Each structure stands twice: as structure tokens, then as C-alpha cells.
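*Asks:* Pasting final31.cif below, which is mmCIF, C-alpha atoms.
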data_start
#
loop_
_atom_site.label_atom_id
_atom_site.label_comp_id
_atom_site.auth_asym_id
_atom_site.auth_seq_id
_atom_site.Cartn_x
_atom_site.Cartn_y
_atom_site.Cartn_z
CA MET I 1204 130.36 13.84 21.71
CA GLY I 1205 128.86 10.40 21.15
CA VAL I 1206 126.35 8.42 23.13
CA PRO I 1207 127.99 6.48 25.97
CA PRO I 1208 128.06 2.71 25.38
CA THR I 1209 125.39 0.63 27.08
CA PRO I 1210 126.85 -1.57 29.83
CA LEU I 1211 126.90 -5.26 28.87
CA ARG I 1212 124.69 -6.25 31.80
CA GLN I 1213 121.81 -4.19 30.37
CA TRP I 1214 121.90 -5.77 26.92
CA GLY I 1215 120.66 -9.15 28.13
CA SER I 1216 117.53 -7.61 29.63
CA THR I 1217 116.19 -6.29 26.31
CA GLY I 1218 114.49 -9.54 25.32
CA ARG I 1219 116.35 -9.48 22.01
CA GLY I 1220 118.98 -11.68 20.43
CA ILE I 1221 121.42 -11.83 17.54
CA ALA I 1222 120.69 -13.66 14.29
CA LEU I 1223 123.71 -14.36 12.10
CA GLU I 1224 124.07 -15.87 8.67
CA ASP I 1225 125.56 -19.34 9.01
CA PRO I 1226 129.17 -18.79 7.83
CA LYS I 1227 129.60 -22.35 6.51
CA GLY I 1228 130.42 -22.21 2.81
CA ILE I 1229 130.56 -18.41 2.65
CA ARG I 1230 133.79 -18.43 0.64
CA GLU I 1231 132.29 -20.79 -1.93
CA ARG I 1232 129.10 -18.72 -2.24
CA ALA I 1233 130.80 -15.34 -2.71
CA ARG I 1234 131.37 -14.34 -6.31
CA LEU I 1235 134.12 -11.75 -6.55
CA ARG I 1236 136.62 -10.36 -8.98
CA LYS I 1237 140.11 -11.80 -8.72
CA PRO I 1238 141.69 -8.86 -6.79
CA GLN I 1239 138.93 -9.07 -4.16
CA ARG I 1240 139.33 -12.81 -3.57
CA THR I 1241 142.54 -12.36 -1.57
CA THR I 1242 140.80 -9.94 0.78
CA LEU I 1243 137.84 -12.30 1.21
CA HIS I 1244 140.01 -15.32 1.94
CA SER I 1245 141.97 -13.42 4.58
CA TRP I 1246 138.82 -12.72 6.63
CA PRO I 1247 138.41 -15.13 9.57
CA PHE I 1248 134.61 -15.57 9.40
CA ALA I 1249 134.55 -18.33 12.01
CA GLN I 1250 136.63 -16.22 14.38
CA LEU I 1251 134.30 -13.22 13.95
CA GLY I 1252 131.31 -15.46 14.73
CA ALA I 1253 133.10 -16.86 17.77
CA PHE I 1254 133.87 -13.36 19.07
CA ILE I 1255 130.26 -12.26 18.61
CA ALA I 1256 128.96 -15.41 20.31
CA TYR I 1257 131.39 -15.01 23.22
CA LYS I 1258 130.44 -11.36 23.83
CA ALA I 1259 126.75 -12.20 23.46
CA LYS I 1260 127.01 -15.02 26.00
CA LYS I 1261 128.81 -12.70 28.41
CA ALA I 1262 125.94 -10.22 28.05
CA GLY I 1263 123.24 -12.89 28.27
CA VAL I 1264 122.13 -12.33 24.67
CA PRO I 1265 121.14 -15.40 22.62
CA VAL I 1266 122.76 -16.07 19.22
CA VAL I 1267 121.03 -17.99 16.43
CA TYR I 1268 122.58 -19.00 13.08
CA VAL I 1269 120.20 -19.12 10.13
CA ASP I 1270 120.37 -20.50 6.61
CA PRO I 1271 121.17 -17.56 4.31
CA ALA I 1272 119.68 -19.17 1.18
CA TYR I 1273 117.60 -16.72 -0.88
CA THR I 1274 117.68 -13.93 1.75
CA SER I 1275 118.80 -11.52 -0.98
CA GLN I 1276 115.94 -12.54 -3.30
CA GLU I 1277 113.17 -12.74 -0.67
CA CYS I 1278 110.90 -9.79 0.02
CA SER I 1279 110.98 -8.90 3.71
CA GLN I 1280 107.36 -7.68 3.49
CA CYS I 1281 105.47 -10.41 1.59
CA HIS I 1282 108.22 -13.13 1.56
CA HIS I 1283 107.92 -13.63 -2.20
CA ILE I 1284 111.17 -15.13 -3.56
CA GLU I 1285 112.23 -14.38 -7.10
CA ARG I 1286 115.60 -13.78 -8.74
CA GLY I 1287 114.14 -10.75 -10.54
CA ASN I 1288 113.56 -9.02 -7.20
CA ARG I 1289 117.21 -7.93 -7.38
CA PRO I 1290 117.46 -5.62 -10.42
CA SER I 1291 120.93 -4.50 -9.29
CA GLN I 1292 123.54 -5.24 -6.63
CA ALA I 1293 122.28 -2.50 -4.30
CA ARG I 1294 118.56 -2.36 -5.10
CA PHE I 1295 115.72 -4.66 -4.07
CA ALA I 1296 112.32 -4.33 -5.76
CA CYS I 1297 109.68 -6.99 -5.10
CA ARG I 1298 107.84 -8.04 -8.24
CA SER I 1299 104.88 -9.28 -6.21
CA CYS I 1300 104.01 -6.47 -3.76
CA GLY I 1301 106.13 -3.60 -5.14
CA PHE I 1302 108.20 -3.10 -1.98
CA VAL I 1303 111.49 -1.28 -2.71
CA ASP I 1304 114.50 -1.09 -0.36
CA HIS I 1305 118.27 -1.26 -0.28
CA ALA I 1306 119.20 -4.88 -0.98
CA ASP I 1307 121.39 -5.28 2.13
CA ARG I 1308 118.72 -3.82 4.42
CA ASN I 1309 116.08 -6.12 2.95
CA SER I 1310 118.37 -9.15 3.42
CA SER I 1311 119.14 -8.16 7.02
CA HIS I 1312 115.41 -8.02 7.77
CA ASN I 1313 115.04 -11.53 6.31
CA ILE I 1314 117.90 -12.85 8.47
CA ALA I 1315 116.37 -11.20 11.54
CA HIS I 1316 112.97 -12.73 10.73
CA ARG I 1317 114.48 -16.20 10.26
CA GLY I 1318 116.36 -15.82 13.53
CA TRP I 1319 113.15 -14.85 15.33
CA MET I 1320 111.29 -17.80 13.81
CA ALA I 1321 114.07 -20.20 14.78
CA TRP I 1322 114.06 -18.87 18.34
CA VAL I 1323 110.26 -19.13 18.62
CA CYS I 1324 110.48 -22.74 17.39
CA GLY I 1325 112.87 -23.60 20.22
CA VAL I 1326 116.35 -23.42 18.69
CA GLN I 1327 118.98 -23.15 21.41
CA SER I 1328 121.47 -20.30 21.49
CA ALA I 1329 124.73 -20.95 19.64
CA ALA I 1330 126.71 -18.84 22.13
CA PRO I 1331 129.30 -21.04 23.84
CA GLU I 1332 129.35 -21.68 27.57
CA LEU I 1333 131.63 -19.27 29.38
CA THR I 1334 134.66 -20.50 31.22
CA ILE I 1335 136.04 -18.20 33.87
CA ILE I 1336 139.82 -18.22 34.16
CA ALA I 1337 141.07 -16.73 37.41
#
Take the structure I supplied and represent it as C-alpha cells, if you would.
*Replies:*
Amino acid sequence: MGVPPTPLRQWGSTGRGIALEDPKGIRERARLRKPQRTTLHSWPFAQLGAFIAYKAKKAGVPVVYVDPAYTSQECSQCHHIERGNRPSQARFACRSCGFVDHADRNSSHNIAHRGWMAWVCGVQSAAPELTIIA
């Protein structure tokens, strides 16, 4: 038996928000083999972002879009950026401080950090205003 879902009204009171990679240009940035391109191009990235923003707004959770540039090459501990920090697709190993992690986890920490910094600097939430239809 799983953990019951947290009611939406409680999520907004956590003092946290959602940081997302800005989806603009994601199809151009992704480098995939030919069979995978069809799958990528069938994903509605903008629609996914809109759904997340809508649900977040409903729950009172702010949404911030951040620039994804170099998040996969940046160390989430010392913020050193180097192409060599990614010895493989799945592995991250910082050449400056020696920090090692799964590449996706490291990138997600960088996106979260950029989202936090943007929020602290006064960026407004990207969640759309809600319209109630009766």
C-alpha cells in the first residue's frame, strides 16, 4: 500500500516551488539517433510545461523557467563548468573538486539552484492566472 497523495492545498504552504528547464529550442538541442527522433518530436513539451504550471498555480506553488545551458557540465557542489566533467552519458565527475554523481541528478540540482537564485532575485512565477469556469 502506497503513501496517500498530499492534498493540493497543502503543497502551497511548503515554501517551495518548481524550477523547470526552459523548453524553448529543446528539439534543436537534443542529439539522438534517427529512430529516437520520431519519439522526441511527438512529445508536446510546451503542453507538459503548461500542465505543470496550471497544477502548480492551482496549488499555489510558484514555477520558474531557467536557462539549461551547461547544467550537465556544471558541478552542483563547486559550480565548476567543464566539458570533461561528463566522462559518460550517465556519469558526472568534477575535475575541480572531485565530486561524483549520476549526471541527471547533478543536472537537476543545478536547475533547482538556478531556479532558487532566479526566485531570490525577484523573478515572477510563470504559472498562468487561473480562470474559473462555472
*Asks:* List the residues matched by the PyMOL selection byres ((chain I and resi 1222) around 6) in the displayed structure as a JSON list (two decimals) with C-alpha atoms, in the frame of the given file, ordered by chain and then by residue number.
*Replies:*
[["chain", "number", "residue", "atom", "x", "y", "z"],
["I", 1221, "ILE", "CA", 121.42, -11.83, 17.54],
["I", 1223, "LEU", "CA", 123.71, -14.36, 12.10],
["I", 1266, "VAL", "CA", 122.76, -16.07, 19.22],
["I", 1267, "VAL", "CA", 121.03, -17.99, 16.43],
["I", 1268, "TYR", "CA", 122.58, -19.00, 13.08],
["I", 1315, "ALA", "CA", 116.37, -11.20, 11.54],
["I", 1318, "GLY", "CA", 116.36, -15.82, 13.53]]
*Asks:* Running the PyMOL selection byres ((chain I and resi 1275) around 12) on this model by hand, what would come out? Give it as a PyMOL selection string.
*Replies:* chain I and resi 1224+1270-1274+1276-1279+1282-1297+1304-1314
*Asks:* Go ahead and save the picked residues with C-alpha atoms, as a CSV table (one decimal), in the frame of the given file.
*Replies:*
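Output below, filename again.csv:
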chain,number,residue,atom,x,y,z
I,1224,GLU,CA,124.1,-15.9,8.7
I,1270,ASP,CA,120.4,-20.5,6.6
I,1271,PRO,CA,121.2,-17.6,4.3
I,1272,ALA,CA,119.7,-19.2,1.2
I,1273,TYR,CA,117.6,-16.7,-0.9
I,1274,THR,CA,117.7,-13.9,1.8
I,1276,GLN,CA,115.9,-12.5,-3.3
I,1277,GLU,CA,113.2,-12.7,-0.7
I,1278,CYS,CA,110.9,-9.8,0.0
I,1279,SER,CA,111.0,-8.9,3.7
I,1282,HIS,CA,108.2,-13.1,1.6
I,1283,HIS,CA,107.9,-13.6,-2.2
I,1284,ILE,CA,111.2,-15.1,-3.6
I,1285,GLU,CA,112.2,-14.4,-7.1
I,1286,ARG,CA,115.6,-13.8,-8.7
I,1287,GLY,CA,114.1,-10.8,-10.5
I,1288,ASN,CA,113.6,-9.0,-7.2
I,1289,ARG,CA,117.2,-7.9,-7.4
I,1290,PRO,CA,117.5,-5.6,-10.4
I,1291,SER,CA,120.9,-4.5,-9.3
I,1292,GLN,CA,123.5,-5.2,-6.6
I,1293,ALA,CA,122.3,-2.5,-4.3
I,1294,ARG,CA,118.6,-2.4,-5.1
I,1295,PHE,CA,115.7,-4.7,-4.1
I,1296,ALA,CA,112.3,-4.3,-5.8
I,1297,CYS,CA,109.7,-7.0,-5.1
I,1304,ASP,CA,114.5,-1.1,-0.4
I,1305,HIS,CA,118.3,-1.3,-0.3
I,1306,ALA,CA,119.2,-4.9,-1.0
I,1307,ASP,CA,121.4,-5.3,2.1
I,1308,ARG,CA,118.7,-3.8,4.4
I,1309,ASN,CA,116.1,-6.1,3.0
I,1310,SER,CA,118.4,-9.2,3.4
I,1311,SER,CA,119.1,-8.2,7.0
I,1312,HIS,CA,115.4,-8.0,7.8
I,1313,ASN,CA,115.0,-11.5,6.3
I,1314,ILE,CA,117.9,-12.8,8.5
*Asks:* Please write the residues picked by the PyMOL selection byres ((chain I and resi 1255) around 12) on this file as a list in words.
*Replies:* Gly1220, Ile1221, Ala1222, Leu1223, Phe1248, Ala1249, Gln1250, Leu1251, Gly1252, Ala1253, Phe1254, Ala1256, Tyr1257, Lys1258, Ala1259, Lys1260, Lys1261, Ala1262, Gly1263, Val1264, Pro1265, Val1266, Val1267, Tyr1268, Ala1329, Ala1330 and Pro1331 of chain I
*Asks:* Please, what distance in Å, to one decimal, runs between atom CA of Val1269 of chain I and atom CA of Gln1327 of chain I?
*Replies:*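 Those two atoms sit 12.0 Å apart.
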*Asks:* Separation of atom CA of Met1320 of chain I and atom CA of Gln1280 of chain I, in Å?
*Replies:*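 Rounded to one decimal, the two atoms are 15.0 Å apart.
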